[in-house]
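Asks: Got target.txt for you, compact mmCIF, C-alpha atoms and all ligand atoms:
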# COMPACT_ATOMS: atom_id res chain seq x y z
CA MET F 1010 -44.03 -4.41 5.00
CA LYS F 1011 -41.82 -7.48 4.74
CA ILE F 1012 -41.24 -9.14 8.12
CA ASP F 1013 -39.06 -12.15 7.62
CA GLY F 1014 -35.82 -13.78 8.75
CA TYR F 1015 -34.07 -11.78 11.39
CA LYS F 1016 -34.82 -8.27 10.37
CA PHE F 1017 -36.61 -7.60 13.63
CA GLY F 1018 -36.19 -8.57 17.24
CA GLN F 1019 -33.11 -10.24 18.55
CA LYS F 1020 -30.80 -10.03 15.58
CA ASN F 1021 -31.36 -6.31 15.31
CA ASN F 1022 -30.54 -5.79 18.99
CA TRP F 1023 -27.52 -7.97 18.57
CA ARG F 1024 -26.42 -5.95 15.55
CA LYS F 1025 -26.52 -2.74 17.63
CA TRP F 1026 -24.47 -4.48 20.31
CA VAL F 1027 -21.91 -5.49 17.68
CA TRP F 1028 -21.52 -2.01 16.22
CA ASN F 1029 -21.28 -0.43 19.67
CA ARG F 1030 -18.47 -2.85 20.59
CA ILE F 1031 -16.75 -2.05 17.29
CA CYS F 1032 -16.96 1.71 17.91
CA GLU F 1033 -15.51 1.26 21.41
CA ARG F 1034 -12.49 -0.57 20.05
CA LEU F 1035 -11.80 1.39 16.86
CA THR F 1036 -8.52 3.30 16.80
CA VAL F 1037 -9.10 5.26 13.56
CA PRO F 1038 -11.80 7.88 12.90
CA LYS F 1039 -15.07 6.17 11.84
CA LYS F 1040 -15.27 8.12 8.59
CA ASP F 1041 -11.86 6.70 7.53
CA ALA F 1042 -12.36 3.10 8.62
CA VAL F 1043 -12.28 0.52 5.82
CA ILE F 1044 -14.94 -2.12 6.45
CA VAL F 1045 -15.00 -5.56 4.83
CA TYR F 1046 -18.15 -7.52 5.55
CA LEU F 1047 -20.29 -10.48 4.58
CA ALA F 1048 -23.27 -8.59 3.25
CA GLY F 1049 -26.05 -11.13 2.75
CA ILE F 1050 -29.06 -10.38 0.57
CA GLU F 1051 -30.52 -7.72 2.86
CA ASP F 1052 -27.24 -5.89 3.46
CA MET F 1053 -28.45 -4.77 6.88
CA ASP F 1054 -25.05 -3.82 8.33
CA ARG F 1055 -24.74 -1.00 5.80
CA THR F 1056 -27.62 0.97 7.32
CA ILE F 1057 -26.44 0.74 10.91
CA ALA F 1058 -22.79 1.44 10.00
CA CYS F 1059 -23.82 4.58 8.10
CA GLN F 1060 -26.07 5.67 10.97
CA LYS F 1061 -23.05 5.33 13.26
CA GLY F 1062 -20.99 7.65 11.06
CA PHE F 1063 -19.04 5.19 8.90
CA ASN F 1064 -18.58 6.15 5.24
CA PRO F 1065 -20.54 3.98 2.76
CA ASN F 1066 -17.70 4.42 0.24
CA ASN F 1067 -15.45 2.53 2.66
CA MET F 1068 -17.79 -0.45 2.92
CA ILE F 1069 -16.63 -3.37 0.81
CA ALA F 1070 -19.02 -6.31 0.72
CA VAL F 1071 -17.71 -9.84 0.20
CA ASP F 1072 -20.04 -12.72 -0.63
CA LYS F 1073 -19.67 -16.06 -2.35
CA ASN F 1074 -23.33 -15.98 -3.35
CA LYS F 1075 -23.88 -14.66 -6.90
CA LYS F 1076 -27.38 -13.38 -6.15
CA VAL F 1077 -26.10 -11.29 -3.27
CA ILE F 1078 -23.36 -9.86 -5.48
CA GLN F 1079 -25.87 -9.04 -8.23
CA SER F 1080 -28.08 -7.15 -5.79
CA LEU F 1081 -25.09 -5.19 -4.41
CA LYS F 1082 -24.04 -4.35 -7.95
CA GLU F 1083 -27.51 -3.08 -8.81
CA LYS F 1084 -27.57 -0.72 -5.88
CA GLY F 1085 -24.06 0.62 -6.56
CA ALA F 1086 -22.30 -0.87 -3.50
CA LEU F 1087 -18.64 -1.95 -3.62
CA HIS F 1088 -18.53 -5.73 -3.80
CA ILE F 1089 -16.17 -8.69 -4.17
CA HIS F 1090 -17.46 -12.03 -5.36
CA SER F 1091 -15.33 -14.49 -3.39
CA ASP F 1092 -15.05 -16.63 -0.31
CA LEU F 1093 -13.81 -14.59 2.64
CA THR F 1094 -10.48 -16.36 3.19
CA SER F 1095 -9.31 -15.80 -0.41
CA ALA F 1096 -10.58 -12.22 -0.35
CA LEU F 1097 -8.53 -11.48 2.79
CA ILE F 1098 -5.39 -13.04 1.33
CA ALA F 1099 -5.85 -11.02 -1.87
CA PHE F 1100 -6.55 -7.87 0.14
CA GLY F 1101 -3.26 -8.40 1.94
CA ASN F 1102 -1.52 -7.85 -1.35
CA THR F 1103 -3.04 -4.41 -1.94
CA LYS F 1104 -2.08 -1.13 -0.26
CA THR F 1105 -5.47 -0.68 1.39
CA LYS F 1106 -5.77 -2.13 4.88
CA ILE F 1107 -8.93 -3.25 6.64
CA ASP F 1108 -10.03 -1.61 9.92
CA VAL F 1109 -13.24 -3.58 10.52
CA LEU F 1110 -14.19 -7.10 9.49
CA ILE F 1111 -17.77 -8.32 9.88
CA GLY F 1112 -17.78 -12.11 9.56
CA ASP F 1113 -21.50 -12.70 10.05
CA PHE F 1114 -21.50 -16.35 8.96
CA CYS F 1115 -24.65 -18.37 8.69
CA CYS F 1116 -22.82 -21.66 9.40
CA GLY F 1117 -21.13 -23.53 12.25
CA LEU F 1118 -17.41 -24.21 12.54
CA VAL F 1119 -17.24 -25.98 9.18
CA TYR F 1120 -14.31 -26.67 6.87
CA ASP F 1121 -14.28 -23.12 5.40
CA ILE F 1122 -14.04 -21.67 8.88
CA GLU F 1123 -11.23 -23.99 9.84
CA GLU F 1124 -9.33 -22.81 6.76
CA LEU F 1125 -9.84 -19.25 7.86
CA ALA F 1126 -8.93 -19.93 11.50
CA VAL F 1127 -5.68 -21.74 10.70
CA ARG F 1128 -4.52 -18.91 8.46
CA PHE F 1129 -5.91 -16.15 10.62
CA PRO F 1130 -2.70 -15.35 12.53
CA ALA F 1131 -0.35 -15.78 9.55
CA ASP F 1132 1.01 -12.96 7.40
CA ALA F 1133 -1.01 -13.87 4.31
CA ILE F 1134 -4.16 -12.77 6.13
CA GLY F 1135 -2.49 -10.48 8.68
CA ASP F 1136 -1.29 -8.22 5.88
CA ALA F 1137 -4.94 -7.46 5.02
CA PHE F 1138 -5.48 -5.69 8.35
CA ASN F 1139 -4.33 -2.54 10.04
CA ASP F 1140 -2.93 -3.21 13.49
CA ASN F 1141 -5.76 -3.42 16.02
CA ALA F 1142 -8.42 -3.79 13.36
CA VAL F 1143 -11.71 -4.81 14.94
CA ILE F 1144 -13.03 -8.25 14.02
CA MET F 1145 -16.56 -9.57 14.50
CA MET F 1146 -17.33 -13.24 13.96
CA ASN F 1147 -20.79 -14.79 14.28
CA PHE F 1148 -21.44 -18.54 13.97
CA LEU F 1149 -24.30 -20.95 14.21
CA ARG F 1150 -23.94 -23.19 17.25
CA GLY F 1151 -23.80 -26.87 16.31
CA ARG F 1152 -23.99 -27.95 12.64
CA ASP F 1153 -20.22 -28.32 12.63
CA ASN F 1154 -20.24 -31.54 10.64
CA GLY F 1155 -17.89 -31.44 7.76
CA GLY F 1156 -15.47 -34.32 7.60
CA MET F 1157 -12.27 -34.76 9.54
CA LEU F 1158 -11.71 -31.36 10.97
CA GLU F 1159 -9.07 -30.49 13.48
CA ILE F 1160 -11.42 -27.89 14.78
CA ARG F 1161 -13.71 -30.76 15.81
CA ASP F 1162 -11.04 -31.94 18.23
CA THR F 1163 -11.12 -28.53 19.84
CA ILE F 1164 -14.91 -28.80 20.07
CA GLU F 1165 -14.94 -32.38 21.29
CA ASN F 1166 -12.27 -31.86 23.94
CA THR F 1167 -14.02 -29.05 25.71
CA SER F 1168 -17.31 -28.42 27.46
CA GLU F 1169 -17.32 -24.94 25.93
CA LYS F 1170 -20.30 -24.47 23.60
CA HIS F 1171 -19.81 -20.90 22.45
CA ARG F 1172 -18.64 -20.98 18.83
CA GLY F 1173 -17.05 -17.53 19.05
CA LYS F 1174 -14.91 -18.65 21.96
CA LEU F 1175 -14.04 -21.87 20.19
CA PHE F 1176 -13.03 -20.00 17.02
CA ILE F 1177 -10.69 -17.82 19.07
CA GLU F 1178 -9.38 -20.86 20.95
CA PHE F 1179 -8.63 -22.53 17.65
CA PHE F 1180 -6.78 -19.70 15.96
CA LEU F 1181 -4.94 -18.90 19.20
CA ARG F 1182 -3.60 -22.42 19.19
CA SER F 1183 -2.40 -21.90 15.66
CA ALA F 1184 -0.85 -18.53 16.58
CA ALA F 1185 0.73 -19.98 19.71
CA MET F 1186 2.31 -22.82 17.76
CA TRP F 1187 3.82 -20.38 15.31
CA THR F 1188 4.99 -18.22 18.14
CA ASP F 1189 6.55 -21.12 19.91
CA GLY F 1190 8.33 -22.47 16.87
CA LEU F 1191 9.27 -19.29 15.10
CA LEU F 1192 9.84 -16.67 17.73
CA PHE F 1193 13.60 -16.76 17.61
CA HIS F 1194 13.72 -17.18 13.89
CA TYR F 1195 11.66 -14.04 13.53
CA TYR F 1196 13.55 -12.20 16.13
CA LYS F 1197 16.75 -12.70 14.23
CA HIS F 1198 15.60 -12.57 10.63
CA GLN F 1199 12.17 -11.57 9.53
CA LYS F 1200 10.25 -9.54 12.04
CA PRO F 1201 12.64 -7.89 14.44
CA THR F 1202 10.15 -5.27 15.59
CA ILE F 1203 7.35 -7.69 16.32
CA ALA F 1204 9.59 -10.23 17.99
CA ARG F 1205 11.20 -7.52 20.03
CA ALA F 1206 7.84 -6.25 21.17
CA VAL F 1207 6.90 -9.75 22.29
CA PHE F 1208 10.16 -10.12 24.16
CA GLN F 1209 9.81 -6.77 25.79
CA MET F 1210 6.26 -7.44 26.85
CA ASN F 1211 7.22 -10.73 28.41
CA PHE F 1212 10.45 -9.64 29.97
CA LYS F 1213 10.36 -6.00 30.89
CA GLU F 1214 7.40 -6.24 33.24
CA LYS F 1215 9.04 -9.09 35.05
CA LYS F 1216 12.39 -7.29 35.06
CA VAL F 1217 14.21 -10.08 33.29
CA ILE F 1218 15.79 -7.67 30.85
CA HIS F 1219 16.56 -3.98 31.12
CA GLU F 1220 15.49 -1.28 28.72
CA ASN F 1221 18.52 -1.38 26.41
CA GLU F 1222 19.53 -4.95 26.86
CA GLU F 1223 19.29 -7.39 23.96
CA PRO F 1224 16.90 -10.22 24.80
CA ASP F 1225 18.32 -13.64 24.12
CA PRO F 1226 16.40 -16.79 23.12
CA ILE F 1227 18.05 -19.13 25.59
CA GLY F 1228 17.31 -16.74 28.40
CA TYR F 1229 13.73 -16.73 27.29
CA GLU F 1230 13.37 -20.50 27.43
CA ASN F 1231 15.13 -20.64 30.80
CA TYR F 1232 12.96 -17.90 32.10
CA LEU F 1233 9.76 -19.62 31.05
CA SER F 1234 10.64 -23.01 32.37
CA LYS F 1235 12.71 -22.29 35.49
CA GLU F 1236 11.88 -18.90 36.85
CA MET F 1237 8.25 -18.67 35.97
CA GLY F 1238 7.51 -22.36 36.11
CA TYR F 1239 5.35 -22.17 33.01
CA ASP F 1240 5.08 -25.96 32.99
CA LYS F 1241 3.28 -25.81 36.31
CA LEU F 1242 1.17 -22.83 35.41
CA PHE F 1243 0.31 -23.57 31.81
CA GLY F 1244 1.20 -27.13 31.02
CA SER F 1245 3.16 -26.13 27.94
CA THR F 1246 4.67 -23.12 26.22
CA ILE F 1247 1.75 -23.31 23.76
CA ASP F 1248 -0.69 -22.72 26.63
CA PHE F 1249 1.49 -19.89 27.83
CA HIS F 1250 1.47 -18.19 24.43
CA MET F 1251 -2.27 -18.71 24.12
CA TYR F 1252 -2.79 -17.03 27.45
CA ARG F 1253 -0.52 -14.16 26.48
CA ILE F 1254 -2.10 -13.62 23.07
CA LYS F 1255 -5.64 -13.90 24.40
CA ASN F 1256 -4.99 -10.96 26.71
CA GLY F 1257 -4.09 -8.78 23.73
CA LEU F 1258 -7.36 -9.42 21.89
CA ASN F 1259 -9.75 -7.66 24.31
CA ALA F 1260 -12.50 -10.04 23.19
CA VAL F 1261 -16.17 -9.86 24.18
CA PHE F 1262 -18.81 -12.50 23.50
CA ASN F 1263 -22.53 -12.63 22.90
CA SER F 1264 -25.23 -15.11 21.87
CA TYR F 1265 -28.76 -14.71 20.54
CA LYS F 1266 -31.55 -16.95 19.35
CA SER F 1267 -32.77 -17.05 15.78
CA GLY F 1268 -35.83 -19.31 15.75
CA ASN F 1269 -34.62 -22.48 17.43
CA MET F 1270 -31.00 -21.82 16.49
CA VAL F 1271 -28.37 -20.24 18.70
CA MET F 1272 -25.88 -17.81 17.16
CA ASP F 1273 -22.60 -17.14 18.97
CA SER F 1274 -20.50 -14.10 18.30
CA THR F 1275 -17.35 -12.34 19.36
CA VAL F 1276 -15.75 -8.95 18.77
CA PHE F 1277 -11.99 -8.68 19.25
CA LEU F 1278 -8.85 -6.86 18.16
CA TYR F 1279 -6.49 -8.08 15.49
CA ALA F 1280 -3.54 -7.20 17.71
CA LYS F 1281 -0.60 -7.74 15.39
CA ASN F 1282 2.09 -7.35 18.03
CA VAL F 1283 0.95 -10.46 19.83
CA LEU F 1284 -0.85 -12.33 17.09
CA VAL F 1285 0.72 -12.32 13.67
CA TRP F 1286 3.51 -14.59 12.53
CA GLY F 1287 4.88 -14.89 9.05
CA VAL F 1288 5.06 -17.98 6.98
CA ASP F 1289 6.04 -18.00 3.35
CA LYS F 1290 2.93 -16.70 1.62
CA THR F 1291 4.14 -16.95 -1.99
CA GLU F 1292 1.88 -19.84 -2.94
CA GLU F 1293 -1.19 -18.34 -1.32
CA ILE F 1294 -0.64 -15.03 -3.06
CA GLU F 1295 -0.14 -16.81 -6.39
CA ALA F 1296 -3.46 -18.64 -5.93
CA VAL F 1297 -5.40 -15.39 -5.57
CA LYS F 1298 -3.65 -13.34 -8.24
CA SER F 1299 -6.67 -12.66 -10.40
CA LEU F 1300 -8.80 -11.93 -7.33
CA THR F 1301 -6.15 -9.41 -6.22
CA ARG F 1302 -6.51 -7.62 -9.57
CA LYS F 1303 -10.29 -7.53 -9.14
CA ILE F 1304 -9.98 -6.14 -5.64
CA SER F 1305 -7.54 -3.50 -6.90
CA SER F 1306 -10.11 -2.35 -9.45
CA THR F 1307 -12.83 -2.30 -6.79
CA LEU F 1308 -10.51 -0.12 -4.71
CA ALA F 1309 -9.96 2.16 -7.71
CA VAL F 1310 -13.76 2.56 -7.99
CA ARG F 1311 -13.79 3.42 -4.29
CA THR F 1312 -11.25 6.21 -4.89
CA MET F 1313 -13.42 7.63 -7.68
CA LYS F 1314 -16.47 7.54 -5.38
CA GLN F 1315 -14.50 9.36 -2.71
CA LYS F 1316 -13.40 12.00 -5.22
CA GLY F 1317 -16.96 12.48 -6.46
CA VAL F 1318 -16.13 11.23 -9.97
CA LEU F 1319 -18.56 8.32 -9.45
CA LYS F 1320 -21.85 8.19 -7.57
CA PRO F 1321 -21.28 7.49 -3.85
CA SER F 1322 -22.21 4.12 -2.40
CA PRO F 1323 -25.72 3.84 -0.91
CA THR F 1324 -26.32 4.30 2.80
CA ILE F 1325 -29.08 1.66 3.01
C1 LIG H 1 -25.82 -14.17 7.55
S1 LIG H 1 -25.51 -13.50 5.99
C2 LIG H 1 -24.97 -11.87 6.38
C3 LIG H 1 -26.08 -11.00 6.81
C4 LIG H 1 -25.72 -9.56 7.07
N1 LIG H 1 -24.69 -9.42 8.08
C5 LIG H 1 -26.97 -8.83 7.50
O1 LIG H 1 -27.24 -8.87 8.72
O2 LIG H 1 -27.68 -8.29 6.65
C6 LIG H 1 -24.04 -14.32 5.53
C7 LIG H 1 -23.66 -14.10 4.07
O3 LIG H 1 -22.30 -14.51 3.96
C8 LIG H 1 -22.12 -15.32 2.82
N2 LIG H 1 -21.04 -16.26 3.18
C9 LIG H 1 -21.09 -17.28 4.07
N3 LIG H 1 -19.89 -17.87 4.17
C10 LIG H 1 -19.06 -17.19 3.34
C11 LIG H 1 -17.69 -17.32 3.00
N4 LIG H 1 -16.91 -18.24 3.56
N5 LIG H 1 -17.17 -16.46 2.10
C12 LIG H 1 -17.95 -15.51 1.52
N6 LIG H 1 -19.26 -15.35 1.79
C13 LIG H 1 -19.81 -16.18 2.69
C14 LIG H 1 -23.45 -15.97 2.56
O4 LIG H 1 -23.61 -16.22 1.18
C15 LIG H 1 -24.45 -14.94 3.08
O5 LIG H 1 -24.92 -14.12 2.05
Write out the structure in this file as structure tokens.

Replies:
Amino acid sequence: MKIDGYKFGQKNNWRKWVWNRICERLTVPKKDAVIVYLAGIEDMDRTIACQKGFNPNNMIAVDKNKKVIQSLKEKGALHIHSDLTSALIAFGNTKTKIDVLIGDFCCGLVYDIEELAVRFPADAIGDAFNDNAVIMMNFLRGRDNGGMLEIRDTIENTSEKHRGKLFIEFFLRSAAMWTDGLLFHYYKHQKPTIARAVFQMNFKEKKVIHENEEPDPIGYENYLSKEMGYDKLFGSTIDFHMYRIKNGLNAVFNSYKSGNMVMDSTVFLYAKNVLVWGVDKTEEIEAVKSLTRKISSTLAVRTMKQKGVLKPSPTI
């Protein structure tokens, strides 16, 4: 029997922990949940997901490694050969929405991850997910070298070591900045429902507005600064938004050792009502046009598997 890498011991316990946290947070039936995941050569998440009652035909593996893709192809598993960020943007342009994302990375907070984190709360990626999709991210602690990264500032300006927490901290900052700058713009023009929900959450509890009253942007600013004293409590509106958004994610954290390396992970909700803000995504969509076509054909294969026209995906 092959005993190598992390097939046994801590990673396997960790994997069970991850899938249990996912099941606790899932808001759709397991058999219907669409899972996008970084498969790796051993494709170990497939087995545990199927044991838990997820449908193998709903498991869509993403990997940038050709060898991994070849092995998935040979065993009849749905696969997308791409980096994860592009795959999510392309996914956002299809009708199928993701319920679970397994980002089991084998790297630290490198450039690729910064790209993902910055875009994470924006529509181009947000459109890939169902509301309250469950996200798992796992990173190698340290090994973050990779040029001039903004994410390095986040790392260097904190005593926090946990890479899952730092990833969240980083994309929250991005989300909070969008929120801060675009809230009123959205409220009026693009995303009335989302903006309204944010307003209502902030205001109703504190009885600043009544049920049927229209919230107004100036009132909001006044409320934050004068009545609530956000500057004393949070330092800035950005901190305030980060605090607010963080509460909506219901995040949990974990770490395990793999040899002499530490892996840090987090499971959290992609809570669209507090997280997602739109920016013009035209260019990003254009850049992944051919990938979007490929994903659409993968999804068509999935439909044929579900209908029994094609062989179902493997469970191991
Ligand atoms: C740690 S492995 C996944 C292992 C899998 N979860 C398991 O336990 O069997 C990570 C995989 O993700 C791929 N990968 C890493 N970064 C990626 C990225 N940005 N986009 C797509 N694939 C990536 C790697 O090629 C590797 O095969």

Asks: Kindly assemble as JSON lines a list of the chain F residues that lie within 9 Å of ligand LIG 1 (chain H), each paired with its nearest atom pair and their distance in Å to one decimal, using only C-alpha atoms and all ligand atoms, sorted first by chain and then by ascending residue number.

Replies:
{"residue": "F:Tyr1015", "atom": "CA", "partner": "H:LIG1", "partner_atom": "O1", "distance": 7.9}
{"residue": "F:Lys1016", "atom": "CA", "partner": "H:LIG1", "partner_atom": "O1", "distance": 7.8}
{"residue": "F:Lys1020", "atom": "CA", "partner": "H:LIG1", "partner_atom": "O1", "distance": 7.8}
{"residue": "F:Asn1021", "atom": "CA", "partner": "H:LIG1", "partner_atom": "O1", "distance": 8.2}
{"residue": "F:Arg1024", "atom": "CA", "partner": "H:LIG1", "partner_atom": "O1", "distance": 7.5}
{"residue": "F:Tyr1046", "atom": "CA", "partner": "H:LIG1", "partner_atom": "N1", "distance": 7.3}
{"residue": "F:Leu1047", "atom": "CA", "partner": "H:LIG1", "partner_atom": "O3", "distance": 4.5}
{"residue": "F:Ala1048", "atom": "CA", "partner": "H:LIG1", "partner_atom": "C4", "distance": 4.6}
{"residue": "F:Gly1049", "atom": "CA", "partner": "H:LIG1", "partner_atom": "O5", "distance": 3.3}
{"residue": "F:Ile1050", "atom": "CA", "partner": "H:LIG1", "partner_atom": "O5", "distance": 5.8}
{"residue": "F:Glu1051", "atom": "CA", "partner": "H:LIG1", "partner_atom": "O2", "distance": 4.8}
{"residue": "F:Asp1052", "atom": "CA", "partner": "H:LIG1", "partner_atom": "O2", "distance": 4.0}
{"residue": "F:Met1053", "atom": "CA", "partner": "H:LIG1", "partner_atom": "O2", "distance": 3.6}
{"residue": "F:Asp1054", "atom": "CA", "partner": "H:LIG1", "partner_atom": "C5", "distance": 5.4}
{"residue": "F:Arg1055", "atom": "CA", "partner": "H:LIG1", "partner_atom": "O2", "distance": 7.9}
{"residue": "F:Val1071", "atom": "CA", "partner": "H:LIG1", "partner_atom": "C12", "distance": 5.8}
{"residue": "F:Asp1072", "atom": "CA", "partner": "H:LIG1", "partner_atom": "N6", "distance": 3.7}
{"residue": "F:Lys1073", "atom": "CA", "partner": "H:LIG1", "partner_atom": "N6", "distance": 4.2}
{"residue": "F:Asn1074", "atom": "CA", "partner": "H:LIG1", "partner_atom": "O4", "distance": 4.5}
{"residue": "F:Lys1075", "atom": "CA", "partner": "H:LIG1", "partner_atom": "O4", "distance": 8.2}
{"residue": "F:Lys1076", "atom": "CA", "partner": "H:LIG1", "partner_atom": "O5", "distance": 8.6}
{"residue": "F:Val1077", "atom": "CA", "partner": "H:LIG1", "partner_atom": "O5", "distance": 6.1}
{"residue": "F:Ile1078", "atom": "CA", "partner": "H:LIG1", "partner_atom": "O5", "distance": 8.8}
{"residue": "F:His1090", "atom": "CA", "partner": "H:LIG1", "partner_atom": "C12", "distance": 7.7}
{"residue": "F:Ser1091", "atom": "CA", "partner": "H:LIG1", "partner_atom": "C12", "distance": 5.7}
{"residue": "F:Asp1092", "atom": "CA", "partner": "H:LIG1", "partner_atom": "N5", "distance": 3.2}
{"residue": "F:Leu1093", "atom": "CA", "partner": "H:LIG1", "partner_atom": "N5", "distance": 3.9}
{"residue": "F:Thr1094", "atom": "CA", "partner": "H:LIG1", "partner_atom": "N4", "distance": 6.7}
{"residue": "F:Ser1095", "atom": "CA", "partner": "H:LIG1", "partner_atom": "N5", "distance": 8.3}
{"residue": "F:Ala1096", "atom": "CA", "partner": "H:LIG1", "partner_atom": "N5", "distance": 8.2}
{"residue": "F:Ile1111", "atom": "CA", "partner": "H:LIG1", "partner_atom": "N1", "distance": 7.2}
{"residue": "F:Gly1112", "atom": "CA", "partner": "H:LIG1", "partner_atom": "N1", "distance": 7.6}
{"residue": "F:Asp1113", "atom": "CA", "partner": "H:LIG1", "partner_atom": "N1", "distance": 5.0}
{"residue": "F:Phe1114", "atom": "CA", "partner": "H:LIG1", "partner_atom": "C6", "distance": 4.7}
{"residue": "F:Cys1115", "atom": "CA", "partner": "H:LIG1", "partner_atom": "C1", "distance": 4.5}
{"residue": "F:Cys1116", "atom": "CA", "partner": "H:LIG1", "partner_atom": "N3", "distance": 7.1}
{"residue": "F:Asp1121", "atom": "CA", "partner": "H:LIG1", "partner_atom": "N4", "distance": 5.8}
{"residue": "F:Ile1122", "atom": "CA", "partner": "H:LIG1", "partner_atom": "N4", "distance": 7.0}
{"residue": "F:Leu1125", "atom": "CA", "partner": "H:LIG1", "partner_atom": "N4", "distance": 8.3}
{"residue": "F:Asn1147", "atom": "CA", "partner": "H:LIG1", "partner_atom": "C1", "distance": 8.4}
{"residue": "F:Phe1148", "atom": "CA", "partner": "H:LIG1", "partner_atom": "C1", "distance": 8.9}

Asks: If I take atom CA of Trp1028 of chain F and atom CA of Pro1065 of chain F, how far is one from the other in Å, to one decimal?

Replies: 14.8 Å

Asks: Considering all atoms listed in the file, state which residue in the set F:Thr1167, F:Thr1324, F:Thr1103, F:Asn1259 is at the smallest distance from Glu1033 of chain F.

Replies: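 Looking at the shortest contact to Glu1033 of chain F, the residue is F:Asn1259.
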
Asks: Would you pick out the contacts of segment 1274-1283 of chain F at 7 Å or less, using all atoms listed in the file, so that residues sharing its chain but fewer than 5 positions from it are not included, and give the list as a PDB file with C-alpha atoms, keeping the file's coordinate frame?

Replies:
ATOM      1  CA  ARG F1030     -18.470  -2.850  20.590  1.00  0.00           C
ATOM      2  CA  ASP F1140      -2.930  -3.210  13.490  1.00  0.00           C
ATOM      3  CA  ASN F1141      -5.760  -3.420  16.020  1.00  0.00           C
ATOM      4  CA  ALA F1142      -8.420  -3.790  13.360  1.00  0.00           C
ATOM      5  CA  VAL F1143     -11.710  -4.810  14.940  1.00  0.00           C
ATOM      6  CA  ILE F1144     -13.030  -8.250  14.020  1.00  0.00           C
ATOM      7  CA  MET F1145     -16.560  -9.570  14.500  1.00  0.00           C
ATOM      8  CA  MET F1146     -17.330 -13.240  13.960  1.00  0.00           C
ATOM      9  CA  ASN F1147     -20.790 -14.790  14.280  1.00  0.00           C
ATOM     10  CA  PHE F1148     -21.440 -18.540  13.970  1.00  0.00           C
ATOM     11  CA  GLY F1173     -17.050 -17.530  19.050  1.00  0.00           C
ATOM     12  CA  ILE F1203       7.350  -7.690  16.320  1.00  0.00           C
ATOM     13  CA  ALA F1206       7.840  -6.250  21.170  1.00  0.00           C
ATOM     14  CA  VAL F1207       6.900  -9.750  22.290  1.00  0.00           C
ATOM     15  CA  ILE F1254      -2.100 -13.620  23.070  1.00  0.00           C
ATOM     16  CA  GLY F1257      -4.090  -8.780  23.730  1.00  0.00           C
ATOM     17  CA  LEU F1258      -7.360  -9.420  21.890  1.00  0.00           C
ATOM     18  CA  ASN F1259      -9.750  -7.660  24.310  1.00  0.00           C
ATOM     19  CA  ALA F1260     -12.500 -10.040  23.190  1.00  0.00           C
ATOM     20  CA  VAL F1261     -16.170  -9.860  24.180  1.00  0.00           C
ATOM     21  CA  PHE F1262     -18.810 -12.500  23.500  1.00  0.00           C
ATOM     22  CA  ASN F1263     -22.530 -12.630  22.900  1.00  0.00           C
ATOM     23  CA  SER F1264     -25.230 -15.110  21.870  1.00  0.00           C
TER      24      SER F1264
END

Asks: Which value, in Å to one decimal, gives the distance between atom CA of Glu1178 of chain F and atom CA of Met1272 of chain F?

Replies: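 Straight-line distance from atom CA of Glu1178 of chain F to atom CA of Met1272 of chain F works out to 17.2 Å.
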
Asks: Compile a residue-level contact table for segment 1107-1164 of chain F against segment 1291-1302 of chain F at a cut-off of 12 Å, reporting for every qualifying residue the shortest atom pair and its distance in Å to one decimal, with only C-alpha atoms counted, rows ordered by chain and ascending number, as a tab-separated table.

Replies:
residue	atom	partner	partner_atom	distance
F:Arg1128	CA	F:Glu1293	CA	10.3
F:Ala1131	CA	F:Glu1293	CA	11.2
F:Asp1132	CA	F:Glu1293	CA	10.5
F:Ala1133	CA	F:Glu1293	CA	7.2
F:Ile1134	CA	F:Glu1293	CA	9.8
F:Asp1136	CA	F:Ile1294	CA	11.3
F:Ala1137	CA	F:Thr1301	CA	11.5

Asks: Could you state the separation of atom CA of Asp1289 of chain F and atom CA of Val1127 of chain F in Å, given to one decimal place?

Replies: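 Here the two named atoms are 14.3 Å from each other.
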
Asks: Just the residues within 8 Å of segment 1304-1307 of chain F, please, counting all atoms listed in the file, with nothing from its chain fewer than 3 positions along; format it as a ChimeraX atom specification.

Replies: /F:1087-1089,1099-1100,1103,1300-1301,1310-1311
